[in-house]
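So this one's work.cif, mmCIF, C-alpha atoms:
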data_query
#
loop_
_atom_site.label_atom_id
_atom_site.label_comp_id
_atom_site.auth_asym_id
_atom_site.auth_seq_id
_atom_site.Cartn_x
_atom_site.Cartn_y
_atom_site.Cartn_z
CA MET A 127 153.99 -26.36 130.18
CA ASN A 128 150.76 -27.13 132.02
CA ASP A 129 148.10 -24.69 132.83
CA GLY A 130 147.11 -25.17 136.43
CA LEU A 131 143.90 -27.07 137.12
CA VAL A 132 142.05 -28.02 140.28
CA ILE A 133 139.98 -31.20 140.02
CA ALA A 134 137.96 -32.25 143.07
CA VAL A 135 136.87 -35.83 143.65
CA ALA A 136 133.83 -35.73 145.91
CA SER A 137 130.65 -37.65 146.77
CA GLY A 138 127.70 -37.31 149.05
CA LYS A 139 127.99 -40.78 150.51
CA GLY A 140 131.10 -42.04 152.24
CA GLY A 141 132.81 -45.20 151.02
CA THR A 142 131.86 -44.84 147.36
CA GLY A 143 135.47 -44.87 146.14
CA LYS A 144 136.63 -41.25 146.18
CA THR A 145 140.13 -42.11 147.30
CA THR A 146 140.38 -45.09 144.93
CA ILE A 147 139.49 -42.86 141.99
CA ALA A 148 141.42 -39.78 143.16
CA THR A 149 144.71 -41.62 143.78
CA ASN A 150 144.53 -43.64 140.56
CA LEU A 151 143.58 -40.55 138.59
CA ALA A 152 146.57 -38.68 140.04
CA LEU A 153 149.01 -41.47 139.22
CA CYS A 154 147.55 -41.96 135.75
CA LEU A 155 147.87 -38.23 134.96
CA SER A 156 151.48 -38.14 136.12
CA ASP A 157 152.27 -41.26 134.04
CA SER A 158 151.13 -39.31 131.00
CA GLY A 159 153.81 -36.72 131.72
CA ARG A 160 151.80 -34.06 133.50
CA SER A 161 152.89 -32.33 136.66
CA VAL A 162 150.45 -33.59 139.32
CA ARG A 163 149.80 -32.68 142.92
CA TYR A 164 147.45 -34.81 145.07
CA LEU A 165 145.94 -33.11 148.13
CA ASP A 166 143.97 -35.21 150.61
CA CYS A 167 141.40 -32.77 152.06
CA ASP A 168 139.69 -35.50 154.09
CA VAL A 169 141.58 -34.24 157.12
CA GLU A 170 139.41 -36.11 159.63
CA GLU A 171 140.45 -39.45 158.19
CA PRO A 172 142.98 -39.09 155.38
CA ASN A 173 143.74 -42.39 153.67
CA GLY A 174 145.27 -41.50 150.28
CA HIS A 175 148.74 -42.17 151.74
CA ILE A 176 147.85 -45.86 152.17
CA PHE A 177 147.67 -46.17 148.37
CA LEU A 178 150.17 -43.57 147.15
CA LYS A 179 152.70 -44.46 149.90
CA PRO A 180 154.46 -41.10 149.76
CA GLN A 181 157.84 -40.28 151.22
CA ILE A 182 156.96 -37.48 153.67
CA ASN A 183 159.69 -34.83 153.80
CA GLU A 184 158.04 -31.85 155.45
CA LYS A 185 155.52 -31.34 158.22
CA ILE A 186 153.96 -28.12 159.47
CA ILE A 187 151.80 -27.58 162.53
CA VAL A 188 148.69 -25.50 161.81
CA THR A 189 147.48 -23.18 164.53
CA ALA A 190 144.47 -20.90 164.75
CA PRO A 191 143.90 -17.78 166.86
CA VAL A 192 141.35 -17.88 169.69
CA PRO A 193 140.40 -15.07 172.09
CA GLN A 194 142.02 -14.52 175.47
CA VAL A 195 140.36 -11.91 177.67
CA ASP A 196 142.22 -9.56 180.01
CA LYS A 197 139.69 -8.91 182.77
CA ASN A 198 141.67 -5.91 184.00
CA LYS A 199 141.12 -4.13 180.70
CA CYS A 200 137.53 -5.34 180.07
CA ILE A 201 134.80 -2.71 180.56
CA GLY A 202 131.91 -5.21 180.35
CA CYS A 203 130.33 -3.82 177.17
CA GLY A 204 129.31 -7.31 176.00
CA LYS A 205 130.06 -6.71 172.30
CA CYS A 206 132.22 -9.86 172.12
CA GLY A 207 129.46 -12.17 173.37
CA LYS A 208 126.86 -10.61 171.06
CA VAL A 209 128.92 -11.01 167.88
CA CYS A 210 129.93 -14.63 168.48
CA GLN A 211 127.66 -17.04 166.60
CA TYR A 212 129.15 -20.16 168.17
CA GLY A 213 129.01 -19.55 171.91
CA ALA A 214 132.82 -19.45 171.98
CA ILE A 215 132.84 -16.20 173.97
CA VAL A 216 130.07 -15.46 176.44
CA HIS A 217 129.36 -12.26 178.34
CA LEU A 218 127.60 -12.97 181.64
CA GLY A 219 127.42 -9.41 182.95
CA ASP A 220 130.04 -6.90 184.18
CA THR A 221 133.50 -8.16 183.28
CA ASN A 222 132.43 -11.79 183.57
CA VAL A 223 133.49 -13.11 180.16
CA LEU A 224 133.95 -16.80 179.47
CA THR A 225 135.68 -18.42 176.48
CA PHE A 226 135.35 -21.89 174.92
CA GLU A 227 138.39 -22.36 172.69
CA GLN A 228 137.16 -25.49 170.95
CA LEU A 229 134.03 -23.73 169.69
CA CYS A 230 135.88 -20.71 168.25
CA HIS A 231 135.95 -20.36 164.46
CA SER A 232 138.67 -17.63 164.51
CA CYS A 233 136.40 -15.12 162.77
CA ALA A 234 138.17 -12.28 164.66
CA GLY A 235 134.84 -10.55 165.42
CA CYS A 236 135.37 -10.36 169.18
CA TRP A 237 138.86 -8.86 169.19
CA LEU A 238 138.06 -6.47 166.36
CA LEU A 239 134.95 -5.15 168.14
CA CYS A 240 136.47 -4.87 171.61
CA PRO A 241 136.75 -1.08 172.19
CA VAL A 242 139.55 -1.36 174.77
CA GLU A 243 141.73 -4.09 173.24
CA ALA A 244 141.07 -6.40 176.16
CA ILE A 245 141.01 -9.45 173.88
CA SER A 246 144.33 -10.79 172.65
CA GLN A 247 144.89 -13.73 170.31
CA LYS A 248 146.23 -17.01 171.54
CA GLN A 249 147.29 -19.70 169.05
CA ILE A 250 145.92 -23.22 169.50
CA GLU A 251 146.91 -26.27 167.45
CA VAL A 252 144.31 -27.37 164.89
CA GLY A 253 146.25 -30.09 163.11
CA GLU A 254 149.19 -30.69 160.81
CA ILE A 255 149.99 -30.76 157.12
CA GLU A 256 152.44 -33.31 155.74
CA MET A 257 154.07 -32.91 152.33
CA GLY A 258 155.95 -35.45 150.29
CA GLN A 259 156.41 -37.29 147.06
CA SER A 260 154.92 -40.49 145.63
CA GLN A 261 156.71 -41.46 142.42
CA LYS A 262 156.13 -38.38 140.26
CA VAL A 263 153.05 -37.23 142.19
CA ARG A 264 153.57 -34.54 144.78
CA PHE A 265 151.59 -35.40 147.87
CA ASP A 266 149.99 -33.32 150.61
CA HIS A 267 147.54 -34.20 153.34
CA GLY A 268 146.10 -32.61 156.43
CA ARG A 269 145.55 -34.37 159.71
CA LEU A 270 143.11 -32.82 162.15
CA LYS A 271 144.28 -32.88 165.76
CA ILE A 272 142.25 -35.39 167.77
CA GLY A 273 139.57 -33.61 169.77
CA ASN A 274 139.55 -30.64 167.41
CA VAL A 275 136.57 -29.95 165.16
CA ARG A 276 137.98 -27.26 162.87
CA SER A 277 138.44 -29.21 159.66
CA PRO A 278 137.48 -26.30 157.32
CA TYR A 279 140.26 -24.15 158.77
CA LEU A 280 142.84 -26.89 158.23
CA ILE A 281 141.55 -27.58 154.69
CA LYS A 282 141.87 -23.89 153.87
CA GLN A 283 145.52 -23.95 154.96
CA LEU A 284 146.15 -27.20 153.05
CA LYS A 285 144.70 -25.69 149.86
CA LYS A 286 147.37 -22.99 149.94
CA ASN A 287 149.65 -25.77 148.64
CA ILE A 288 147.70 -25.97 145.38
CA ASP A 289 150.23 -25.63 142.55
CA LYS A 290 149.08 -23.11 139.93
CA ASN A 291 151.22 -24.82 137.29
CA ALA A 292 150.10 -28.39 137.95
CA VAL A 293 147.02 -30.57 137.75
CA ASN A 294 145.81 -30.69 141.35
CA ILE A 295 143.64 -33.60 142.45
CA LEU A 296 141.69 -32.86 145.64
CA ASP A 297 140.41 -35.85 147.59
CA VAL A 298 137.34 -34.28 149.25
CA PRO A 299 135.71 -35.47 152.51
CA PRO A 300 132.33 -37.21 152.23
CA GLY A 301 129.06 -35.42 152.86
CA THR A 302 127.83 -31.96 151.89
CA SER A 303 128.72 -29.90 154.96
CA CYS A 304 131.30 -27.18 155.74
CA PRO A 305 134.50 -29.25 155.11
CA VAL A 306 133.16 -30.23 151.67
CA VAL A 307 132.20 -26.65 150.79
CA GLU A 308 135.65 -25.44 151.87
CA SER A 309 137.33 -28.15 149.77
CA LEU A 310 135.25 -27.38 146.66
CA LYS A 311 135.72 -23.60 146.73
CA GLY A 312 137.63 -22.42 143.67
CA CYS A 313 137.79 -25.82 141.96
CA ASP A 314 137.67 -26.02 138.16
CA PHE A 315 135.85 -29.33 138.00
CA VAL A 316 134.15 -31.76 140.39
CA LEU A 317 133.97 -35.51 139.82
CA LEU A 318 131.15 -36.93 141.94
CA VAL A 319 131.74 -40.59 142.74
CA SER A 320 128.69 -42.64 143.59
CA GLU A 321 127.46 -46.22 143.62
CA PRO A 322 124.25 -47.66 142.15
CA THR A 323 122.44 -48.17 145.47
CA PRO A 324 119.54 -46.26 147.07
CA PHE A 325 122.00 -44.71 149.56
CA GLY A 326 124.40 -43.78 146.77
CA LEU A 327 121.59 -42.11 144.82
CA ASN A 328 120.15 -40.25 147.81
CA ASP A 329 123.51 -38.77 148.77
CA LEU A 330 124.49 -38.05 145.16
CA LYS A 331 121.36 -35.89 144.85
CA LEU A 332 122.51 -33.86 147.86
CA ALA A 333 125.99 -33.47 146.35
CA VAL A 334 124.52 -32.42 142.99
CA ASP A 335 122.41 -29.76 144.77
CA LEU A 336 125.58 -28.47 146.42
CA VAL A 337 127.79 -28.26 143.30
CA ARG A 338 124.93 -26.65 141.37
CA GLN A 339 124.53 -24.01 144.09
CA MET A 340 128.28 -23.39 143.90
CA SER A 341 128.02 -23.18 140.08
CA LEU A 342 130.82 -25.73 139.60
CA PRO A 343 131.09 -27.87 136.46
CA PHE A 344 130.75 -31.54 137.36
CA ALA A 345 130.20 -35.08 136.12
CA VAL A 346 129.55 -38.44 137.75
CA ALA A 347 131.65 -41.58 138.07
CA ILE A 348 129.77 -44.75 138.98
CA ASN A 349 131.82 -47.12 141.10
CA ARG A 350 130.90 -50.77 141.76
CA ASN A 351 128.77 -50.55 138.62
CA GLY A 352 126.40 -53.51 138.42
CA CYS A 353 126.13 -54.12 142.17
CA GLY A 354 122.75 -52.44 142.60
CA ASP A 355 119.96 -51.09 140.44
CA GLU A 356 119.41 -48.70 137.53
CA GLN A 357 118.02 -45.75 139.52
CA LEU A 358 121.31 -43.84 139.74
CA GLU A 359 121.84 -43.93 136.00
CA GLU A 360 118.20 -43.01 135.32
CA TYR A 361 118.53 -40.03 137.65
CA CYS A 362 121.65 -38.82 135.84
CA ILE A 363 119.98 -39.16 132.44
CA ASN A 364 116.86 -37.29 133.62
CA GLU A 365 119.01 -34.51 135.09
CA SER A 366 121.28 -34.35 132.02
CA ILE A 367 124.31 -35.20 134.14
CA ASN A 368 127.24 -36.78 132.30
CA ILE A 369 128.47 -40.14 133.53
CA ILE A 370 132.13 -40.20 132.54
CA MET A 371 133.28 -43.40 134.22
CA LYS A 372 131.78 -46.74 135.17
CA LEU A 373 134.09 -48.87 137.25
CA PRO A 374 132.68 -52.41 137.53
CA HIS A 375 131.80 -54.25 140.71
CA ASP A 376 134.81 -56.56 140.48
CA ARG A 377 136.30 -58.62 143.28
CA LYS A 378 139.80 -57.97 141.87
CA ILE A 379 139.40 -54.22 142.49
CA ALA A 380 138.25 -54.88 146.07
CA GLU A 381 141.22 -57.19 146.63
CA ALA A 382 143.68 -54.60 145.29
CA TYR A 383 142.07 -51.93 147.48
CA SER A 384 142.15 -54.08 150.61
CA SER A 385 145.89 -54.59 150.25
CA GLY A 386 146.65 -50.94 149.46
CA GLN A 387 147.44 -51.57 145.78
CA MET A 388 146.85 -49.10 142.96
CA ILE A 389 144.45 -50.24 140.23
CA VAL A 390 146.51 -48.58 137.47
CA GLU A 391 149.57 -50.54 138.60
CA THR A 392 148.11 -53.94 139.32
CA LEU A 393 145.03 -54.31 137.10
CA SER A 394 146.07 -53.49 133.55
CA GLU A 395 142.55 -54.13 132.23
CA TYR A 396 141.32 -51.09 134.17
CA LYS A 397 144.22 -48.78 133.49
CA LYS A 398 142.59 -47.62 130.25
CA GLU A 399 139.47 -46.64 132.22
CA PHE A 400 141.57 -44.13 134.13
CA GLU A 401 143.36 -42.97 131.01
CA SER A 402 140.07 -42.19 129.31
CA LEU A 403 138.75 -40.55 132.50
CA SER A 404 141.85 -38.30 132.59
CA GLU A 405 141.46 -37.36 128.93
CA ASN A 406 137.73 -36.78 129.32
CA ILE A 407 138.22 -34.36 132.22
CA LEU A 408 141.09 -32.51 130.52
CA GLN A 409 139.05 -32.15 127.33
CA ARG A 410 136.11 -30.73 129.27
CA LEU A 411 138.35 -28.17 130.90
CA LYS A 412 139.87 -27.10 127.59
CA SER A 413 136.54 -26.19 126.03
CA MET B 198 114.04 -15.60 194.11
CA LYS B 199 113.76 -16.36 190.41
CA ILE B 200 114.57 -19.84 189.17
CA ALA B 201 114.52 -21.48 185.72
CA VAL B 202 112.97 -24.85 184.91
CA THR B 203 113.52 -26.61 181.58
CA SER B 204 110.12 -27.63 180.31
CA THR B 205 108.39 -29.51 177.50
CA GLY B 206 105.50 -27.02 177.56
CA GLN B 207 104.57 -23.47 178.55
CA THR B 208 102.63 -24.16 181.74
CA LEU B 209 103.53 -25.43 185.21
CA ASP B 210 101.79 -28.77 184.59
CA SER B 211 104.23 -29.50 181.73
CA GLN B 212 106.90 -32.12 182.25
CA VAL B 213 110.45 -31.06 183.07
CA ASP B 214 112.48 -31.33 179.84
CA PRO B 215 115.37 -33.76 180.46
CA ARG B 216 117.66 -31.69 178.19
CA PHE B 217 119.15 -28.40 179.30
CA GLY B 218 120.65 -26.65 176.25
CA ARG B 219 118.06 -27.99 173.83
CA ALA B 220 115.03 -27.93 176.13
CA ALA B 221 111.80 -26.94 174.34
CA TYR B 222 110.99 -24.11 176.81
CA PHE B 223 112.42 -22.35 179.81
CA ILE B 224 110.00 -21.39 182.55
CA ILE B 225 111.26 -18.54 184.71
CA ILE B 226 109.38 -18.58 187.99
CA ASP B 227 109.34 -16.43 191.10
CA THR B 228 109.38 -18.88 194.01
CA GLU B 229 107.63 -16.48 196.40
CA THR B 230 104.68 -15.51 194.22
CA MET B 231 104.71 -18.55 191.86
CA GLN B 232 104.31 -16.05 189.01
CA PHE B 233 105.97 -17.41 185.90
CA GLU B 234 106.86 -16.70 182.32
CA ALA B 235 107.69 -19.33 179.67
CA PHE B 236 109.91 -18.62 176.71
CA VAL B 237 110.74 -20.74 173.67
CA ASN B 238 114.33 -21.94 173.50
CA ASP B 239 115.86 -20.84 170.19
CA ASN B 240 118.79 -23.21 170.71
CA VAL B 241 116.81 -26.41 170.11
CA GLN B 242 118.16 -26.67 166.55
CA ALA B 243 121.67 -25.33 167.28
CA GLY B 244 124.55 -27.34 165.84
CA GLY B 245 126.76 -26.57 168.79
CA GLY B 246 127.03 -24.24 171.77
CA ALA B 247 123.34 -24.75 172.68
CA GLY B 248 124.06 -25.19 176.39
CA ILE B 249 126.28 -22.12 176.55
CA SER B 250 123.78 -19.94 174.76
CA SER B 251 120.89 -21.23 176.92
CA ALA B 252 122.89 -20.59 180.08
CA GLN B 253 123.60 -17.05 178.87
CA ASN B 254 119.86 -16.47 178.27
CA ILE B 255 119.00 -17.77 181.75
CA ALA B 256 121.61 -15.49 183.30
CA GLN B 257 120.11 -12.54 181.44
CA ALA B 258 116.62 -13.51 182.65
CA GLY B 259 117.96 -13.09 186.18
CA ALA B 260 117.43 -16.65 187.43
CA SER B 261 119.69 -17.79 190.24
CA ALA B 262 119.01 -21.54 189.95
CA VAL B 263 118.24 -24.05 187.19
CA LEU B 264 116.16 -27.22 187.58
CA THR B 265 116.65 -29.72 184.74
CA GLY B 266 117.17 -33.36 183.82
CA ASN B 267 120.70 -33.39 182.43
CA CYS B 268 123.45 -30.87 181.83
CA GLY B 269 126.65 -31.04 179.78
CA PRO B 270 130.12 -29.64 180.57
CA ASN B 271 129.98 -26.33 178.64
CA ALA B 272 126.57 -25.37 180.01
CA GLU B 273 127.67 -26.34 183.52
CA ARG B 274 130.79 -24.18 183.24
CA THR B 275 128.76 -21.21 181.97
CA LEU B 276 126.13 -21.52 184.74
CA ALA B 277 128.85 -21.79 187.37
CA ALA B 278 130.60 -18.69 186.00
CA ALA B 279 127.28 -16.83 186.15
CA ASN B 280 126.82 -18.00 189.76
CA ILE B 281 123.66 -19.94 188.93
CA LYS B 282 123.00 -23.01 191.06
CA LEU B 283 122.36 -26.22 189.12
CA TYR B 284 119.99 -29.06 190.06
CA ILE B 285 119.97 -32.07 187.73
CA GLY B 286 118.08 -35.34 187.71
CA VAL B 287 114.82 -33.43 188.13
CA SER B 288 111.69 -35.00 186.56
CA GLY B 289 107.90 -34.81 186.83
CA THR B 290 105.94 -31.59 186.33
CA ALA B 291 107.52 -28.16 186.51
CA GLN B 292 105.14 -27.34 189.39
CA GLN B 293 106.30 -30.35 191.42
CA ALA B 294 109.95 -29.56 190.67
CA VAL B 295 109.54 -26.03 192.03
CA GLU B 296 107.71 -27.31 195.14
CA ASP B 297 110.50 -29.84 195.76
CA PHE B 298 113.06 -27.06 195.34
CA LYS B 299 111.26 -24.81 197.83
CA GLN B 300 111.08 -27.62 200.38
CA GLY B 301 114.81 -28.28 199.99
CA LYS B 302 114.30 -31.76 198.56
CA LEU B 303 116.65 -31.20 195.63
CA THR B 304 120.43 -31.49 195.87
CA GLN B 305 122.67 -28.99 194.15
CA THR B 306 125.02 -30.53 191.57
CA ALA B 307 128.75 -29.92 191.51
CA GLY B 308 129.40 -30.91 187.89
CA PRO B 309 127.96 -31.99 184.55
CA ASN B 310 126.36 -35.45 184.24
CA VAL B 311 126.37 -35.88 180.44
CA GLN B 312 128.67 -35.12 177.50
CA SER B 313 128.25 -32.28 175.00
CA HIS B 314 125.50 -32.82 172.37
CA PHE B 315 123.58 -35.12 174.74
CA GLY B 316 120.27 -33.51 173.79
CA THR B 317 120.65 -33.69 170.00
CA GLY B 318 118.34 -36.69 169.79
CA SER B 319 120.92 -39.22 168.66
#
Would you write the structure of this file as structure tokens?
Amino acid sequence: MNDGLVIAVASGKGGTGKTTIATNLALCLSDSGRSVRYLDCDVEEPNGHIFLKPQINEKIIVTAPVPQVDKNKCIGCGKCGKVCQYGAIVHLGDTNVLTFEQLCHSCAGCWLLCPVEAISQKQIEVGEIEMGQSQKVRFDHGRLKIGNVRSPYLIKQLKKNIDKNAVNILDVPPGTSCPVVESLKGCDFVLLVSEPTPFGLNDLKLAVDLVRQMSLPFAVAINRNGCGDEQLEEYCINESINIIMKLPHDRKIAEAYSSGQMIVETLSEYKKEFESLSENILQRLKS
Amino acid sequence: MKIAVTSTGQTLDSQVDPRFGRAAYFIIIDTETMQFEAFVNDNVQAGGGAGISSAQNIAQAGASAVLTGNCGPNAERTLAAANIKLYIGVSGTAQQAVEDFKQGKLTQTAGPNVQSHFGTGS
């Protein structure tokens, strides 16, 4: 019987290999007999399915409430416009109230404050969540609706699929902004994937600042090791950050990636790297 | 009547700011007396909704027209809802812009001329 775990694979910089490491880690963990669920939180451009090739068997449409104002009930108090931090509802005097649905964050402030219940909730589509199975790995991903900007809301809904009895691998979006914060909330461990380049180092520092502020345990995986310089490793040593994986800069890995192949299935020489990464993370979470 | 001019500075010899929502200053001027007041635009650093919020501030300041360089769709919709006339493509000094407005040299705009986030500097 597994105790449930949530492991996030994140990075500051995009394109460092989050999905490569997250998908291979998920498959490797399930090969060792654990119950594994992979959740692709990069809802703006999910790509884990290209590698895990899941059979999708369920799809749900995610909607979010936005305000709709009944001008016949409105008394022009202006409380709705004052509380909104995003310009999604604007009071222009009297009962002249304007709404911008795409800017709304569904905080509920406007309809809760309205003294005459003139604001009702209308549901708008934010995106969809697809669920399926890839070998023994259960698979979930979110897809943000084109033109919509509410990735944190969709990520929050997607994370409700976290299985409390499984090892959950979250493939986190790049960067350090709201979607990343939403993805990392409540995680047990964060693996920060970076590459030994000045860009990789700069963005790793931002990611380290974020996980430290969120008080999350973390370690670093260096991808494309050997392609750049030593600064990334020196930074980690100076900051007492553990480097728990170094995946070499190897053309074979790039070739496997570019044809949607899994490293643990096609490159036996690197399978043990993922096995020791899995064990390392699980050991850290035991202690 | 009171009108608003987006401005790069706090005086009438400042240049018209080409951005609406993220203009550095708004100068509210009385076209009869040429008395004016400049206020700093808090929305310069806004992530989103800058045009809407700026339009709301201009409505509250009581201006009935806006002279600016460019205006996006959300700001345009807010100004229209507040019954504020919009003049875009305005450049030069704020003083000259107001003179041109008074002499009827400016043409009122029917719609936005740029996309959202135009003024974010990218």
### Message
I need the output of the PyMOL selection byres ((chain A) within 9 of (chain B)) for this file as a PyMOL selection string; which residues are they?
### Response
chain A and resi 211-214+216-219+222-224+226+229
Can those selected residues be exported to a file as a compact mmCIF listing (two decimals), in the coordinates of the input so that it contains C-alpha atoms?
# COMPACT_ATOMS: atom_id res chain seq x y z
CA GLN A 211 127.66 -17.04 166.60
CA TYR A 212 129.15 -20.16 168.17
CA GLY A 213 129.01 -19.55 171.91
CA ALA A 214 132.82 -19.45 171.98
CA VAL A 216 130.07 -15.46 176.44
CA HIS A 217 129.36 -12.26 178.34
CA LEU A 218 127.60 -12.97 181.64
CA GLY A 219 127.42 -9.41 182.95
CA ASN A 222 132.43 -11.79 183.57
CA VAL A 223 133.49 -13.11 180.16
CA LEU A 224 133.95 -16.80 179.47
CA PHE A 226 135.35 -21.89 174.92
CA LEU A 229 134.03 -23.73 169.69
So that I can check the surroundings of Glu184 (chain A), please list as a PDB file with C-alpha atoms, keeping the file's coordinate frame every protein, DNA and RNA residue that reaches within 10 Å of it, counting all atoms listed in the file and ignoring chain neighbours fewer than 5 positions away.
ATOM      1  CA  ILE A 255     149.990 -30.760 157.120  1.00  0.00           C
ATOM      2  CA  GLU A 256     152.440 -33.310 155.740  1.00  0.00           C
ATOM      3  CA  MET A 257     154.070 -32.910 152.330  1.00  0.00           C
ATOM      4  CA  GLY A 258     155.950 -35.450 150.290  1.00  0.00           C
ATOM      5  CA  ASP A 266     149.990 -33.320 150.610  1.00  0.00           C
TER       6      ASP A 266
END
### Task
Name every residue that the PyMOL selection byres ((chain A and resi 391) around 12) selects in this structure, writing the answer as a PyMOL selection string with chains first and numbers rising.
chain A and resi 149-151+153-154+157+177-178+379+382-383+386-390+392-398+400
### Task
Could you give me, as a PyMOL selection string, the residues within 9 Å of Asp210 (chain B), counting all atoms listed in the file and dropping anything in the same chain fewer than 3 positions from it?
chain B and resi 206-207+289-293
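Taking CA of Val346 (chain A) as the reference point, CA of Lys331 (chain A) is found at 11.1 Å.
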### Message
Which residues would end up in the selection if the PyMOL selection byres ((chain B and resi 237) around 10) were applied here, given that I need the answer as a PyMOL selection string?
### Response
chain B and resi 204-207+220-224+235-236+238-241
### Query
Hey, can you pull every residue with an atom no more than 8 Å from (124.7, -29.9, 181.6), using all atoms listed in the file, and send it as an NGL selection string?
:B and (217-218 or 248 or 267-273 or 308-313)
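Only residues having an atom at most 6 Å from (134.3, -3.6, 181.6) are included; using only C-alpha atoms, these are Cys200, Ile201, Gly202, Cys203, Asp220 and Thr221 of chain A.
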#### Entry: Point-to-point distance in Å for CA of Asp314 (chain A) and CA of Asn287 (chain A)
15.9 Å
### Query
Using all atoms listed in the file, which of the listed residues (A:Leu155, A:Ala136, A:Cys206, A:Leu411) sits closest to Leu332 (chain A)?
A:Ala136
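Look at Gly301 (chain A): the protein and nucleic acid residues within 8 Å of it, using all atoms listed in the file and passing over chain neighbours fewer than 6 places away, are A:Ser137, A:Gly138, A:Lys139, A:Gly140, A:Asp329, A:Ala333.
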### Task
Work out how far apart CA of Lys197 (chain A) and CA of Glu243 (chain A) are and give it in Å to one decimal.
10.9 Å
Residue contacts of Gln228 (chain A) (12 Å, only C-alpha atoms) excluding same-chain residues fewer than 2 positions away, as a short mmCIF file (atom, residue, chain, number, x, y, z; two decimals) with C-alpha atoms, in the coordinates of the input:
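Done, and the output landed in result.cif:
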data_model
loop_
_atom_site.label_atom_id
_atom_site.label_comp_id
_atom_site.auth_asym_id
_atom_site.auth_seq_id
_atom_site.Cartn_x
_atom_site.Cartn_y
_atom_site.Cartn_z
CA ALA A 190 144.47 -20.90 164.75
CA PRO A 191 143.90 -17.78 166.86
CA VAL A 192 141.35 -17.88 169.69
CA PRO A 193 140.40 -15.07 172.09
CA TYR A 212 129.15 -20.16 168.17
CA GLY A 213 129.01 -19.55 171.91
CA ALA A 214 132.82 -19.45 171.98
CA ILE A 215 132.84 -16.20 173.97
CA THR A 225 135.68 -18.42 176.48
CA PHE A 226 135.35 -21.89 174.92
CA CYS A 230 135.88 -20.71 168.25
CA HIS A 231 135.95 -20.36 164.46
CA SER A 232 138.67 -17.63 164.51
CA GLN A 249 147.29 -19.70 169.05
CA ILE A 250 145.92 -23.22 169.50
CA GLU A 251 146.91 -26.27 167.45
CA VAL A 252 144.31 -27.37 164.89
CA LYS A 271 144.28 -32.88 165.76
CA ILE A 272 142.25 -35.39 167.77
CA GLY A 273 139.57 -33.61 169.77
CA ASN A 274 139.55 -30.64 167.41
CA VAL A 275 136.57 -29.95 165.16
CA ARG A 276 137.98 -27.26 162.87
CA SER A 277 138.44 -29.21 159.66
CA GLY B 245 126.76 -26.57 168.79
CA GLY B 246 127.03 -24.24 171.77
CA ASN B 271 129.98 -26.33 178.64
CA SER B 313 128.25 -32.28 175.00
#
